[in-house]
Amino acid sequence: MGFIALTTERREAERARRPPVLLVVLGVLGLAVFAVPFIGLLSRVPWTDLPELLSSDLVTDALRLSMVTSLTATLVAVLIGVPLAWILARLEFPGRSLVRGLVTLPLVLPPVVGGAALLFALGRRGLIGEPLNQATGLLLPFSTSGVVLANTFVAMPFLVITVEGALRNLDRRYEGAASSLGAGQWTVLRRITLPMIGPSLVAGLVLTWARALGEFGATITFAGNLQGRTQTLPLAVFVALESDRDVAVALSLVMVVVSLAVLVALRERWWKAL
Amino acid sequence: MGFIALTTERREAERARRPPVLLVVLGVLGLAVFAVPFIGLLSRVPWTDLPELLSSDLVTDALRLSMVTSLTATLVAVLIGVPLAWILARLEFPGRSLVRGLVTLPLVLPPVVGGAALLFALGRRGLIGEPLNQATGLLLPFSTSGVVLANTFVAMPFLVITVEGALRNLDRRYEGAASSLGAGQWTVLRRITLPMIGPSLVAGLVLTWARALGEFGATITFAGNLQGRTQTLPLAVFVALESDRDVAVALSLVMVVVSLAVLVALRERWWKAL
Amino acid sequence: MVEGPLGEGLEARFELHRGDEFRLELDLAIPPGRTVALLGPNGAGKSTAVAAIAGLLQIESGRIGLAGVTLDDPGAGINLPPESRKVGVVFQDYLLFPHLTVAENVAFGLRSRGMSRSNSLARAADWLTRLDLAGLEKRKPALLSGGQAQRVALARALVTEPDLLLLDEPLSALDVTTRSEMRRVLDRHLKEFPGPRLVITHDPVEAFLLADEVHIIEKGVVTQWGTPDEIRLRPRTPYAADLAGSNLLFGRATAGLAQVGSHHIHLAEHGIDGDVLLTIRPSAISLHRRPPEGSPRNMWETTIELIEDLGERTRVRTGAPLPLTAEVTAEASTALGLAEGESVWLAIKATEIGVEPGDGRTSSS
Amino acid sequence: MVEGPLGEGLEARFELHRGDEFRLELDLAIPPGRTVALLGPNGAGKSTAVAAIAGLLQIESGRIGLAGVTLDDPGAGINLPPESRKVGVVFQDYLLFPHLTVAENVAFGLRSRGMSRSNSLARAADWLTRLDLAGLEKRKPALLSGGQAQRVALARALVTEPDLLLLDEPLSALDVTTRSEMRRVLDRHLKEFPGPRLVITHDPVEAFLLADEVHIIEKGVVTQWGTPDEIRLRPRTPYAADLAGSNLLFGRATAGLAQVGSHHIHLAEHGIDGDVLLTIRPSAISLHRRPPEGSPRNMWETTIELIEDLGERTRVRTGAPLPLTAEVTAEASTALGLAEGESVWLAIKATEIGVEPGDGRTSSS
Amino acid sequence: SVGVDASTSATDLQGEVLVSAAASLTDAFGEIESAFEEANAGVEVILNLGASSALREQILEGAPTDVFASADTSNMDQVAEAGEVAGQAEIFVTNLLQIAVPAGNEAGVTGLDDFAHEDLLIGLCAEDVPCGEFGRQALAGAGVTPAIDTNEPDVRALLTKIEAGELDAGITYVTDVLSTEGTVDGIDIPAEDNVVAEYPIAVLAGAPNPDAAASFVEFVLSDQGQAILTGYGFHRLDD
Ligand SMILES: Nc1ncnc2c1ncn2[C@@H]1O[C@H](COP(=O)(O)OP(=O)(O)OP(=O)(O)O)[C@@H](O)[C@H]1O
Ligand SMILES: Nc1ncnc2c1ncn2[C@@H]1O[C@H](COP(=O)(O)OP(=O)(O)OP(=O)(O)O)[C@@H](O)[C@H]1O
Ligand SMILES: [Mg+2]
Ligand SMILES: [Mg+2]
């Protein structure tokens, strides 16, 4: 493992320890689980045709839509998922275990079933969707909002569960100290609680965003697949796979590169500071 | 919000605070994202036919296989994913950001593409699969091990990213204190590090297991859909969807109930102690 | 020192539980401009009292009022949240926010109360300089030494100019120089500070120097309170006696003779009969190689159990029949050739023995 | 007290950096059976020294050896991990494991070294009882008071019977009774303990009582070391003087007259010329309402800046021309009617002034 | 070989035969599996049901498959081009398109012309998917430019939405409409506009059990097999 510098971050005087060999071996094995398929993917990329394959309208539309919907879904997840995590971690109420279980629902359901469940509930003929449609004319399926909803449904559990775990780990006396300094509950949340669970929050955000970006099954089932409106990158990949593997592989590469670029850039700017 | 007892856990004297209304409202909205589709699903369950629908071989085979593969995948993820998280959190080496990005790969890739990537790498014609097959006769596609591999590939990122976040949050001086008391690096890991990140570890495990249980796309692509061998519950749902939607909905309900039961049981026994 | 009417100070009379075993019953009133030191053994409930007054723990009954405003009154359903109480707290383990720099930590209270970022950082820098922490503004708390961290906690509490100060062992981690410096800073600040102040400390010198009044709390109950001199001269519990550096004996007096265990002690005071508390200052006990001649009415032979060398003075603990602590000058100690395990004669003038009527509560503790 | 050859004790001579600004240069040797107290201002590097010796920080050069074994020697590439050093540490902020009970915390070291669960818990319970913590075995550290937590930390370090003890302010959070009790426990344990021990404290009494030798460290450098008496009687830095409760003046002597600032002081000692350190015990300074008659060669009028009431004694800080601290009996103070801001005459006999040749290092600090 | 009585000819066959079949063949092949196993007691058929494209990838990457039954010729062609087909692929059934509408046909759809209505919610299969390609051919033949709201990646996804009433109409296969057992109504497309979809089947070059595989293909092509398939709405080749 010669390439691993045997130092840990930041503090110069901190003791550098040789990490246990078995741990490193296992970790490298873990890495292999991700690296090997990636290499497999790379090995099938039609490098010469790549520029042509990627310059189509289809790709740019799908890329734009994917970015918009996945980021919006992440934002929505933060807005309503962090409060939900807070409630689960901090309030005691009957049925809390059940609610916690419910949060894992989208993980367990095959996304296609999740999408169908969304349809049953919020589709044109859905339990809530029908009255909603009649009252407001709002129709979620086949709309970009529908994509955002499907993404949120599938991806939000990652944020909720990660943040809840971190909140339960936090020493609450820091929050008490902050409130004794005059900080109201919102200020405490914004300036103490969330920053203190920073790394876990970021981990949750990364998971959420990545999951939303890659979301396919619920989206196609609930929101359909129309270029420019509901066709995100994974949908484009799936359709392409039907006919031409090269296109599908090329598109997948785009997704991987985009997400790597975003994550690495974020980390350089933001995560490092934590 | 009358049903929310305005107290926080355990310590009797701790100050009970009325949670900010907006936070509760947002949290309930977050909950709705999960509850509404669940109700949608419930509304379509063929309750009367349920016992009959669920007593078939197909269902019991799939359930058994799902439990075995998802739990094995979770175990494998712990064995190699926790070390990977540890390495990412603790060692500095060139390309660490890249490795971190790579870990999110399975989230971003549509699972079907992920499955294809696994085929490219580990199929009989695959980069690694070919020499592996020739050397050992091992063939992963169409085998239960293939399902476990696909599950691991798709679900492990949740564990790695959650645990890494928590490790970065941990005050390392506790580990120093433990080693000064004579604990070797393994003992420190087992008795200090992992227990101290307990809630986050559990969150990661839950995410991983649930994701593995619900995994569909990569499994069907990489491991095929062979009853009793690689046909897990989500794949059975897929097949049922082709022939009888009622069965599909009933099966989905099984998945939800099973996962809720497992999670609630786990929490009562185990999480609560944390 | 401006002292206002009690209604404008702190009135804290309440009860609460912690866990199954611990129960705190506090009854404390501090007028504005006065400093009360709260002392007591470990686990007596001092930090609990601070947390309750700051609003971080829920009292079960009673009332806490500050400057005429009721902060807590479970009976009346009043329960002001911590952020609405203008209380400055130094926590025993500081609780500095690990993700904020030293300056941001100190500025936090001001920012929370609406001051602009730049103004609050300027004020924070000001206080950091006053507490000799200039140069550390940009550090994270994890990179501070223990004493530096404690001073930051002090700055963070003082900068908000609260109505009430609660200081939980604010100087325990400071080095001697800094401590006396800080004690002076604190003393000056406390004198300028118009509100009531509560200081927790284990250092009697600190308590006696800073406080106008000392409250002693043991096992959740106030066992004695009074001016520093009252505590020092007439401690009523073994803990208070330790604090005062005094010897405290519980006995029964009859006509100028007190029975302590199986031993008898002559008193100058003949007026008090029944249960008594006897206090004997260590310096009032003289030690001799031979039975001393002259006036001391109380003397007996005993063994030296422990010798502690305090520099100019030497502290000697003696054994049976009555364990006492005596203090002699270093010269005397050398001259007498004292050593542990040796036997020695001990003499106490009856006039040097303080006598107080005992009460059930104290002697039962 | 068994004292062995130095090679079998602790030898720590090393350098390291912390952050950009702080650099520690330590040179310390403790033979087996001896206790060294490490004292110094906040941020001087005491905790850093502990961490380095325990193997938690990486030294940059030098060597740390214990009982004949080299623990650290970057030059030779030797760097024993902490778990292979038999070192017991009490950390300044305890670092009790929050997820383990008190008993499990104390048993942790034994279990890590291979003792069975039940045996190690039994031993832990033993030590908990010894440190007066019985009944708290099953508590989580978060539910302890500050002083209880500190004692648990002490138990956790002592139970493993290490080769070396490193105690970083082990008694700072204890109440007076417990503290003197613990000091005794510690003193007894230290005396039984065959290895070298390093105690960090800010309490001079504690240092002088527990230690055979005192090292003073300031800004990362050892500025003075010696027996407690040497430090007490001849402090060489202002910090050490504060520690000793002494006055320290830097001056230049010529033929029995020392110039300190613009002021001249008469010395009894005529033999030392050049840079000198003058030490004056506070009790050697007498205060008078009128110019005193008789022998004192040094006297001047000054103002009282601060009066600190220490019970039987009163400490008085005077102002220009030379700020000094005097200590008089409480009676004398009352008799003189001392009050802050008033003027007073101060007298010091030349024979009471300690004179030491100064050296560059000390006087420059 | 069509018409041979398979039930007596292959009794000596042994082992597993792994059949990768398009998901739309689920029910029909389920029945064929039972019938074939009954006729060949020593053989166990293992069905691997999935999207034709996913099955194709598995075969191309060497998954040990005996028989491939695709829902379109394009995926079979790709497999054949890679040299994975033993002998030649044969078309075993055909399928016709039908307009699918939610049960009750609330929107009142009558024919392909309605697909141009902007205010109806219209779904087709994606262009690259056979049913999408054929659907578009049919629409083009009828001279209709559809106002599409979604391009579903497969028939199943399209049907789910029609079943749920989310779409007012779509074009699927006759067999698919039949499989919903009444939750979706079918409206026939006139023969002149309709397009015939062909389903090819083949024994694979790398088949671990080539004899049983050949026998299975024979069985599918046999009268018994064809009878089962037509029971699910497929058309015999000779129709
Ligand atoms: N969170 C808690 N839950 C239950 N009991 C607690 C909790 N915190 C403290 N206690 C117990 O309550 C009692 C009072 O603790 P407190 O911290 O107020 O003591 P203290 O007087 O501040 O002591 P110290 O001088 O050691 O800091 C102790 O017996 C302690 O063990
Ligand atoms: N992790 C760190 N990184 C950088 N600098 C540090 C770190 N920890 C401490 N320091 C600095 O190193 C110096 C020495 O710190 P140390 O904790 O050793 O002091 P100390 O002598 O123990 O002080 P105290 O009496 O206040 O506990 C201080 O100036 C401190 O600010
Ligand atoms: Mg306390
Ligand atoms: Mg320190």
# chains A, B, ... in the order shown; residues from 1 in each chain; ligands from 1

$ residues_near_ligand --ligand "ligand 3" --cutoff "12 Å" --atoms "only C-alpha atoms and all ligand atoms" --output "PyMOL selection string"
(chain C and resi 38-51+90-94+166-170+172+199-202+217) or (chain D and resi 142-150+172-175)

$ select_by_dssp --residues "region 78-180 of chain A" --states "helix (DSSP H, G or I)" --output "MDAnalysis selection string"
chainID A and resid 78:90 96:103 105:108 111:122 129:136 144:169 173:180

$ residues_around --residues "Val195 (chain E)" --least-positions-apart "3" --cutoff "12 Å" --atoms "only C-alpha atoms" --output "PDB file with N, CA and C atoms, in the first residue's frame"
ATOM      1  N   THR E  94     -46.130 -14.062 -34.071  1.00  0.00           N
ATOM      2  CA  THR E  94     -46.220 -12.639 -34.395  1.00  0.00           C
ATOM      3  C   THR E  94     -47.259 -12.042 -33.470  1.00  0.00           C
ATOM      4  N   ASN E  95     -47.255 -10.744 -33.453  1.00  0.00           N
ATOM      5  CA  ASN E  95     -48.151 -10.023 -32.564  1.00  0.00           C
ATOM      6  C   ASN E  95     -48.658  -8.819 -33.331  1.00  0.00           C
ATOM      7  N   LEU E  96     -49.861  -8.364 -33.034  1.00  0.00           N
ATOM      8  CA  LEU E  96     -50.429  -7.204 -33.707  1.00  0.00           C
ATOM      9  C   LEU E  96     -50.622  -6.085 -32.705  1.00  0.00           C
ATOM     10  N   LEU E  97     -50.684  -4.869 -33.237  1.00  0.00           N
ATOM     11  CA  LEU E  97     -50.878  -3.710 -32.375  1.00  0.00           C
ATOM     12  C   LEU E  97     -52.361  -3.509 -32.115  1.00  0.00           C
ATOM     13  N   GLN E  98     -52.622  -2.890 -30.987  1.00  0.00           N
ATOM     14  CA  GLN E  98     -53.976  -2.534 -30.642  1.00  0.00           C
ATOM     15  C   GLN E  98     -53.929  -1.220 -29.883  1.00  0.00           C
ATOM     16  N   PRO E 130     -39.349  -1.691 -29.790  1.00  0.00           N
ATOM     17  CA  PRO E 130     -40.137  -2.201 -30.931  1.00  0.00           C
ATOM     18  C   PRO E 130     -41.571  -1.688 -30.952  1.00  0.00           C
ATOM     19  N   CYS E 131     -42.261  -1.764 -29.812  1.00  0.00           N
ATOM     20  CA  CYS E 131     -43.661  -1.356 -29.853  1.00  0.00           C
ATOM     21  C   CYS E 131     -43.797   0.123 -30.176  1.00  0.00           C
ATOM     22  N   GLY E 132     -42.755   0.890 -29.836  1.00  0.00           N
ATOM     23  CA  GLY E 132     -42.776   2.308 -30.176  1.00  0.00           C
ATOM     24  C   GLY E 132     -42.544   2.525 -31.658  1.00  0.00           C
ATOM     25  N   GLU E 133     -41.620   1.764 -32.164  1.00  0.00           N
ATOM     26  CA  GLU E 133     -41.295   1.864 -33.580  1.00  0.00           C
ATOM     27  C   GLU E 133     -42.515   1.475 -34.421  1.00  0.00           C
ATOM     28  N   PHE E 134     -43.113   0.340 -34.054  1.00  0.00           N
ATOM     29  CA  PHE E 134     -44.268  -0.140 -34.816  1.00  0.00           C
ATOM     30  C   PHE E 134     -45.459   0.806 -34.674  1.00  0.00           C
ATOM     31  N   GLY E 135     -45.652   1.294 -33.445  1.00  0.00           N
ATOM     32  CA  GLY E 135     -46.758   2.219 -33.202  1.00  0.00           C
ATOM     33  C   GLY E 135     -46.642   3.446 -34.085  1.00  0.00           C
ATOM     34  N   ARG E 136     -45.431   3.969 -34.184  1.00  0.00           N
ATOM     35  CA  ARG E 136     -45.214   5.150 -35.018  1.00  0.00           C
ATOM     36  C   ARG E 136     -45.454   4.829 -36.492  1.00  0.00           C
ATOM     37  N   GLN E 137     -45.022   3.618 -36.893  1.00  0.00           N
ATOM     38  CA  GLN E 137     -45.287   3.213 -38.294  1.00  0.00           C
ATOM     39  C   GLN E 137     -46.784   3.203 -38.566  1.00  0.00           C
ATOM     40  N   ALA E 138     -47.541   2.645 -37.592  1.00  0.00           N
ATOM     41  CA  ALA E 138     -48.975   2.572 -37.782  1.00  0.00           C
ATOM     42  C   ALA E 138     -49.592   3.962 -37.900  1.00  0.00           C
ATOM     43  N   LEU E 139     -49.138   4.857 -36.999  1.00  0.00           N
ATOM     44  CA  LEU E 139     -49.664   6.218 -37.018  1.00  0.00           C
ATOM     45  C   LEU E 139     -49.304   6.912 -38.331  1.00  0.00           C
ATOM     46  N   ALA E 140     -48.068   6.707 -38.767  1.00  0.00           N
ATOM     47  CA  ALA E 140     -47.638   7.322 -40.017  1.00  0.00           C
ATOM     48  C   ALA E 140     -48.479   6.801 -41.176  1.00  0.00           C
ATOM     49  N   GLY E 141     -48.726   5.480 -41.123  1.00  0.00           N
ATOM     50  CA  GLY E 141     -49.541   4.875 -42.167  1.00  0.00           C
ATOM     51  C   GLY E 141     -50.929   5.495 -42.210  1.00  0.00           C
ATOM     52  N   ALA E 142     -51.450   5.839 -41.017  1.00  0.00           N
ATOM     53  CA  ALA E 142     -52.786   6.421 -40.957  1.00  0.00           C
ATOM     54  C   ALA E 142     -52.743   7.926 -41.159  1.00  0.00           C
ATOM     55  N   ILE E 171     -50.632   2.809 -27.697  1.00  0.00           N
ATOM     56  CA  ILE E 171     -50.616   1.683 -28.625  1.00  0.00           C
ATOM     57  C   ILE E 171     -49.771   0.569 -28.035  1.00  0.00           C
ATOM     58  N   THR E 172     -50.349  -0.589 -27.872  1.00  0.00           N
ATOM     59  CA  THR E 172     -49.611  -1.749 -27.350  1.00  0.00           C
ATOM     60  C   THR E 172     -49.944  -2.955 -28.222  1.00  0.00           C
ATOM     61  N   TYR E 173     -49.492  -4.113 -27.792  1.00  0.00           N
ATOM     62  CA  TYR E 173     -49.800  -5.322 -28.526  1.00  0.00           C
ATOM     63  C   TYR E 173     -51.142  -5.888 -28.066  1.00  0.00           C
ATOM     64  N   VAL E 174     -51.725  -6.638 -28.904  1.00  0.00           N
ATOM     65  CA  VAL E 174     -52.972  -7.321 -28.581  1.00  0.00           C
ATOM     66  C   VAL E 174     -52.804  -8.192 -27.338  1.00  0.00           C
ATOM     67  N   ASP E 188     -59.307  -2.184 -31.906  1.00  0.00           N
ATOM     68  CA  ASP E 188     -58.527  -2.735 -33.008  1.00  0.00           C
ATOM     69  C   ASP E 188     -58.059  -1.651 -33.961  1.00  0.00           C
ATOM     70  N   ILE E 189     -56.891  -1.890 -34.528  1.00  0.00           N
ATOM     71  CA  ILE E 189     -56.352  -1.003 -35.561  1.00  0.00           C
ATOM     72  C   ILE E 189     -56.641  -1.691 -36.897  1.00  0.00           C
ATOM     73  N   PRO E 190     -57.196  -0.988 -37.850  1.00  0.00           N
ATOM     74  CA  PRO E 190     -57.498  -1.598 -39.141  1.00  0.00           C
ATOM     75  C   PRO E 190     -56.269  -2.265 -39.725  1.00  0.00           C
ATOM     76  N   ALA E 191     -56.464  -3.401 -40.376  1.00  0.00           N
ATOM     77  CA  ALA E 191     -55.356  -4.219 -40.868  1.00  0.00           C
ATOM     78  C   ALA E 191     -54.417  -3.445 -41.769  1.00  0.00           C
ATOM     79  N   GLU E 192     -54.967  -2.481 -42.566  1.00  0.00           N
ATOM     80  CA  GLU E 192     -54.092  -1.764 -43.514  1.00  0.00           C
ATOM     81  C   GLU E 192     -53.091  -0.870 -42.783  1.00  0.00           C
ATOM     82  N   GLU E 198     -42.623  -9.392 -35.034  1.00  0.00           N
ATOM     83  CA  GLU E 198     -42.172 -10.773 -35.093  1.00  0.00           C
ATOM     84  C   GLU E 198     -41.328 -11.112 -33.876  1.00  0.00           C
TER      85      GLU E 198
END

$ interface_residues --of "chain D" --to "chain B" --cutoff "6 Å" --atoms "only C-alpha atoms" --output "ChimeraX atom specification"
/D:82-83,95,109,112

$ closest_residue --among "C:Val260, C:Gly319, C:Asn247, C:Glu21" --to "ligand 1" --atoms "only C-alpha atoms and all ligand atoms"
C:Glu21

$ residues_around --residues "region 250-267 of chain A" --least-positions-apart "2" --cutoff "9 Å" --atoms "only C-alpha atoms" --output "PyMOL selection string"
(chain A and resi 41-42+44-47+49-50+53-54+59+63+206+210+213-214+233-234+236-237+240+245-248+269-273) or (chain B and resi 97-98+100-102+104-105+108-110+113)

$ closest_residue --among "C:Ala134, C:Leu110, C:Ala122, C:Ala54" --to "ligand 2" --atoms "only C-alpha atoms and all ligand atoms"
C:Ala134

$ atom_distance --atom1 "CA of Asn209 (chain E)" --atom2 "CA of Gly137 (chain B)"
17.0 Å

$ interface_residues --of "chain E" --to "chain B" --cutoff "9 Å" --atoms "only C-alpha atoms" --output "PyMOL selection string"
chain E and resi 18+20+23-27+46-51+54-55+57-58+60-64+156+160+176+179-181

$ closest_residue --among "A:Ile80, A:Ala32, A:Ala89, A:Leu149" --to "chain B" --atoms "only C-alpha atoms"
A:Ile80

$ select_by_dssp --residues "region 235-339 of chain D" --states "strand (DSSP E or B)" --output "PyMOL selection string"
chain D and resi 247-254+257-260+263-266+274-280+285-288+298-309+313-318+325-329

$ closest_residue --among "B:Ala155, B:Leu138, B:Leu132, B:Leu65" --to "chain A" --atoms "only C-alpha atoms"
B:Ala155

$ closest_residue --among "E:Asp72, E:Glu90, E:Asp193, E:Glu166" --to "Ala103 (chain E)" --atoms "only C-alpha atoms"
E:Glu166

$ residues_around --residues "region 75-80 of chain C" --least-positions-apart "4" --cutoff "12 Å" --atoms "only C-alpha atoms" --output "JSON, numbers by chain"
{"A": [179, 180, 182, 184], "B": [15, 16, 17, 18], "C": [14, 52, 53, 54, 55, 56, 57, 58, 59, 60, 61, 62, 63, 64, 65, 66, 69, 70, 71, 84, 85, 86, 87]}

$ write_last_selection --atoms "N, CA and C atoms" --output "mmCIF file, in the first residue's frame"
data_model
loop_
_atom_site.group_PDB
_atom_site.id
_atom_site.type_symbol
_atom_site.label_atom_id
_atom_site.label_comp_id
_atom_site.auth_asym_id
_atom_site.auth_seq_id
_atom_site.Cartn_x
_atom_site.Cartn_y
_atom_site.Cartn_z
ATOM 1 N N SER A 179 -28.594 28.443 23.559
ATOM 2 C CA SER A 179 -29.827 29.150 23.885
ATOM 3 C C SER A 179 -29.620 30.031 25.108
ATOM 4 N N SER A 180 -28.754 29.619 26.014
ATOM 5 C CA SER A 180 -28.498 30.495 27.154
ATOM 6 C C SER A 180 -27.768 31.752 26.727
ATOM 7 N N GLY A 182 -28.781 33.395 24.272
ATOM 8 C CA GLY A 182 -29.794 34.242 23.640
ATOM 9 C C GLY A 182 -30.248 33.780 22.270
ATOM 10 N N GLY A 184 -32.429 31.887 19.739
ATOM 11 C CA GLY A 184 -33.723 31.222 19.651
ATOM 12 C C GLY A 184 -33.576 29.865 18.987
ATOM 13 N N ARG B 15 -35.270 20.134 30.076
ATOM 14 C CA ARG B 15 -36.304 21.107 29.782
ATOM 15 C C ARG B 15 -37.121 20.658 28.579
ATOM 16 N N ALA B 16 -38.433 20.667 28.763
ATOM 17 C CA ALA B 16 -39.316 20.336 27.648
ATOM 18 C C ALA B 16 -39.603 21.630 26.899
ATOM 19 N N ARG B 17 -39.402 21.597 25.612
ATOM 20 C CA ARG B 17 -39.642 22.811 24.845
ATOM 21 C C ARG B 17 -40.696 22.545 23.801
ATOM 22 N N ARG B 18 -41.502 23.522 23.589
ATOM 23 C CA ARG B 18 -42.448 23.421 22.495
ATOM 24 C C ARG B 18 -41.654 23.572 21.204
ATOM 25 N N PHE C 14 -36.645 26.353 44.530
ATOM 26 C CA PHE C 14 -37.266 25.330 43.693
ATOM 27 C C PHE C 14 -36.758 23.933 44.031
ATOM 28 N N ALA C 52 -30.648 24.800 36.031
ATOM 29 C CA ALA C 52 -32.061 25.104 36.273
ATOM 30 C C ALA C 52 -32.310 26.605 36.168
ATOM 31 N N ILE C 53 -31.431 27.384 36.768
ATOM 32 C CA ILE C 53 -31.646 28.834 36.733
ATOM 33 C C ILE C 53 -31.517 29.351 35.307
ATOM 34 N N ALA C 54 -30.599 28.747 34.537
ATOM 35 C CA ALA C 54 -30.433 29.171 33.144
ATOM 36 C C ALA C 54 -31.589 28.691 32.273
ATOM 37 N N GLY C 55 -32.444 27.829 32.799
ATOM 38 C CA GLY C 55 -33.589 27.374 32.022
ATOM 39 C C GLY C 55 -33.308 26.128 31.213
ATOM 40 N N LEU C 56 -32.194 25.470 31.496
ATOM 41 C CA LEU C 56 -31.850 24.278 30.722
ATOM 42 C C LEU C 56 -32.409 23.011 31.353
ATOM 43 N N LEU C 57 -32.771 23.101 32.605
ATOM 44 C CA LEU C 57 -33.457 21.987 33.245
ATOM 45 C C LEU C 57 -34.797 22.502 33.736
ATOM 46 N N GLN C 58 -35.725 21.584 33.802
ATOM 47 C CA GLN C 58 -37.084 21.912 34.170
ATOM 48 C C GLN C 58 -37.234 21.773 35.674
ATOM 49 N N ILE C 59 -37.625 22.826 36.355
ATOM 50 C CA ILE C 59 -37.866 22.651 37.800
ATOM 51 C C ILE C 59 -39.244 22.025 37.980
ATOM 52 N N GLU C 60 -39.399 21.359 39.111
ATOM 53 C CA GLU C 60 -40.661 20.647 39.314
ATOM 54 C C GLU C 60 -41.659 21.441 40.136
ATOM 55 N N SER C 61 -41.125 22.190 41.087
ATOM 56 C CA SER C 61 -42.015 23.058 41.836
ATOM 57 C C SER C 61 -41.165 24.219 42.314
ATOM 58 N N GLY C 62 -41.821 25.248 42.804
ATOM 59 C CA GLY C 62 -41.097 26.423 43.247
ATOM 60 C C GLY C 62 -41.164 27.509 42.218
ATOM 61 N N ARG C 63 -40.230 28.446 42.325
ATOM 62 C CA ARG C 63 -40.278 29.602 41.454
ATOM 63 C C ARG C 63 -38.863 30.153 41.297
ATOM 64 N N ILE C 64 -38.551 30.605 40.094
ATOM 65 C CA ILE C 64 -37.306 31.336 39.865
ATOM 66 C C ILE C 64 -37.688 32.689 39.302
ATOM 67 N N GLY C 65 -37.214 33.730 39.949
ATOM 68 C CA GLY C 65 -37.518 35.075 39.456
ATOM 69 C C GLY C 65 -36.232 35.869 39.321
ATOM 70 N N LEU C 66 -36.206 36.756 38.331
ATOM 71 C CA LEU C 66 -35.018 37.590 38.139
ATOM 72 C C LEU C 66 -35.483 38.995 37.768
ATOM 73 N N VAL C 69 -39.035 39.629 37.212
ATOM 74 C CA VAL C 69 -39.734 38.812 36.223
ATOM 75 C C VAL C 69 -39.695 37.347 36.659
ATOM 76 N N THR C 70 -40.803 36.657 36.543
ATOM 77 C CA THR C 70 -40.801 35.237 36.872
ATOM 78 C C THR C 70 -40.247 34.457 35.685
ATOM 79 N N LEU C 71 -39.197 33.703 35.919
ATOM 80 C CA LEU C 71 -38.610 32.904 34.847
ATOM 81 C C LEU C 71 -39.266 31.523 34.785
ATOM 82 N N SER C 84 -34.685 33.636 26.454
ATOM 83 C CA SER C 84 -35.378 34.843 26.894
ATOM 84 C C SER C 84 -34.932 35.285 28.280
ATOM 85 N N ARG C 85 -34.062 34.500 28.888
ATOM 86 C CA ARG C 85 -33.521 34.891 30.187
ATOM 87 C C ARG C 85 -32.208 35.574 29.906
ATOM 88 N N LYS C 86 -31.996 36.719 30.490
ATOM 89 C CA LYS C 86 -30.696 37.345 30.216
ATOM 90 C C LYS C 86 -29.682 36.858 31.230
ATOM 91 N N VAL C 87 -29.229 35.661 31.015
ATOM 92 C CA VAL C 87 -28.350 34.995 31.972
ATOM 93 C C VAL C 87 -27.052 34.628 31.261
#

$ closest_residue --among "C:Asp273, C:Asp163, C:Asp203, C:Glu181" --to "ligand 1" --atoms "only C-alpha atoms and all ligand atoms"
C:Asp203
